[in-house]
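**Student:** Handing you a structure now.
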Amino acid sequence: MSQRNTAVPSELRTLEDAEAMIAHGVCPIPPREILDKIAGKWAIQIIVATSRGPVRFTELERLIEGISRRMLTLTLRNLERDGLLERTIYPTVPPKVEYRATPMALELYEAMLTLTNWSRRHSACVAASRERYDARQTG
């Protein structure tokens, strides 16, 4: 995951600064950039897993089939950087690290549920449309 084009604008130092910019119609980070980050298959699965409560790194490795340790680490860092995850390190040997969805991530999770429910409701319609389209293409 690239870290390019993710610099915070110099006029944006606090949450109040961000709220003031938004009130003036300025998005400090383009929506497309945020959507690109949260739309990846790894990010979605991590948000879903952490929405149920705190999850340890090793649990996430087991839950998310096919993700490498490096990709999991990078995705967790990016989600934490964007304010979607909170990381807690416990002073144990070995260190225990837990990830928890923030309120902002839980709001995103609710939106994902809405999209999932929409896709379930319209699944038969999409299947029928595909059949009609495919029939026209081959006919």
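Letters A, B, ... go to the chains of the structure tokens in the order shown; residues in each chain start at 1; ligands are counted from 1 in the same order.
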Using DSSP on the backbone, list every residue of chain A that comes out as strand (DSSP E or B), and give them as a PyMOL selection string.

**Tutor:** chain A and resi 55-56+85-90+96-101

**Student:** Output N, CA, C and O atoms for every residue in that selection, as a tab-separated table (two decimals), in the first residue's frame.

**Tutor:**
chain	number	residue	atom	x	y	z
A	55	VAL	N	-9.72	-7.49	18.78
A	55	VAL	CA	-9.18	-8.68	18.14
A	55	VAL	C	-7.66	-8.58	18.16
A	55	VAL	O	-7.10	-7.53	17.87
A	56	ARG	N	-7.03	-9.69	18.48
A	56	ARG	CA	-5.57	-9.74	18.47
A	56	ARG	C	-5.05	-9.98	17.06
A	56	ARG	O	-5.76	-10.51	16.20
A	85	LEU	N	-9.13	2.32	13.30
A	85	LEU	CA	-8.76	1.33	14.31
A	85	LEU	C	-7.98	1.99	15.44
A	85	LEU	O	-7.25	2.95	15.22
A	86	GLU	N	-8.15	1.43	16.63
A	86	GLU	CA	-7.31	1.79	17.77
A	86	GLU	C	-6.50	0.56	18.12
A	86	GLU	O	-7.02	-0.55	18.18
A	87	ARG	N	-5.22	0.77	18.36
A	87	ARG	CA	-4.32	-0.32	18.72
A	87	ARG	C	-3.95	-0.16	20.18
A	87	ARG	O	-3.55	0.92	20.61
A	88	THR	N	-4.07	-1.24	20.93
A	88	THR	CA	-3.69	-1.25	22.33
A	88	THR	C	-2.60	-2.29	22.52
A	88	THR	O	-2.76	-3.44	22.13
A	89	ILE	N	-1.49	-1.85	23.12
A	89	ILE	CA	-0.37	-2.76	23.40
A	89	ILE	C	-0.33	-2.98	24.90
A	89	ILE	O	-0.26	-2.03	25.68
A	90	TYR	N	-0.37	-4.24	25.30
A	90	TYR	CA	-0.31	-4.59	26.71
A	90	TYR	C	1.12	-4.99	27.05
A	90	TYR	O	1.76	-5.73	26.30
A	96	LYS	N	1.12	-8.29	24.02
A	96	LYS	CA	-0.23	-8.55	23.52
A	96	LYS	C	-0.72	-7.28	22.85
A	96	LYS	O	-0.69	-6.20	23.44
A	97	VAL	N	-1.15	-7.40	21.60
A	97	VAL	CA	-1.64	-6.25	20.83
A	97	VAL	C	-3.07	-6.55	20.39
A	97	VAL	O	-3.35	-7.61	19.83
A	98	GLU	N	-3.96	-5.61	20.68
A	98	GLU	CA	-5.35	-5.74	20.25
A	98	GLU	C	-5.74	-4.57	19.37
A	98	GLU	O	-5.25	-3.46	19.56
A	99	TYR	N	-6.64	-4.86	18.44
A	99	TYR	CA	-7.18	-3.83	17.55
A	99	TYR	C	-8.67	-3.75	17.78
A	99	TYR	O	-9.34	-4.77	17.91
A	100	ARG	N	-9.16	-2.52	17.80
A	100	ARG	CA	-10.58	-2.28	18.06
A	100	ARG	C	-11.07	-1.24	17.05
A	100	ARG	O	-10.38	-0.27	16.75
A	101	ALA	N	-12.27	-1.46	16.55
A	101	ALA	CA	-12.88	-0.49	15.62
A	101	ALA	C	-13.25	0.77	16.39
A	101	ALA	O	-13.75	0.70	17.50

**Student:** Just list the residues in chain A DSSP gives helix (DSSP H, G or I) on the backbone, as JSON, numbers by chain.

**Tutor:** {"A": [15, 16, 17, 18, 19, 20, 21, 22, 23, 31, 32, 33, 34, 35, 36, 37, 38, 41, 42, 43, 44, 45, 46, 47, 48, 49, 50, 57, 58, 59, 60, 61, 62, 63, 69, 70, 71, 72, 73, 74, 75, 76, 77, 78, 79, 80, 81, 103, 104, 105, 106, 107, 108, 109, 110, 111, 112, 113, 114, 115, 116, 117, 118, 119, 120, 121, 123, 124, 125, 126, 127, 128, 129, 130, 131, 132, 133, 134, 135, 136, 137, 138]}

**Student:** Would you mind telling me which residue in A:Pro54, A:Trp42, A:Ala18, A:Pro94 lies nearest to A:Arg70 when using only C-alpha atoms?

**Tutor:**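 Using only C-alpha atoms, the shortest distance to A:Arg70 belongs to A:Trp42.
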
**Student:** Counting only C-alpha atoms, which of A:Arg121, A:Gly83, A:Pro28, A:Arg132 gets nearest to A:Ile47?

**Tutor:**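 Of A:Arg121, A:Gly83, A:Pro28, A:Arg132, the one nearest A:Ile47 is A:Gly83, counting only C-alpha atoms.
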
**Student:** Would you kindly return, as a list in words, each protein, DNA or RNA residue with an atom no farther than 12 Å from any atom of A:Lys37, considering only C-alpha atoms and excluding same-chain residues fewer than 6 positions away?

**Tutor:**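 Returned residues: Met1, Ser2, Gln3, Thr6, Ile29, Pro30, Pro31, Ala43, Ile44, Ile47, Leu74, Thr75, Leu76, Arg77, Asn78, Leu79, Glu80, Arg81, Asp82, Gly83 and Leu84 of chain A.
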
**Student:** For A:Glu110, which residue out of A:Leu60, A:Ala127, A:Val93, A:Val48 is the nearest one, using only C-alpha atoms?

**Tutor:**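 For A:Glu110, the nearest of the given residues is A:Val48.
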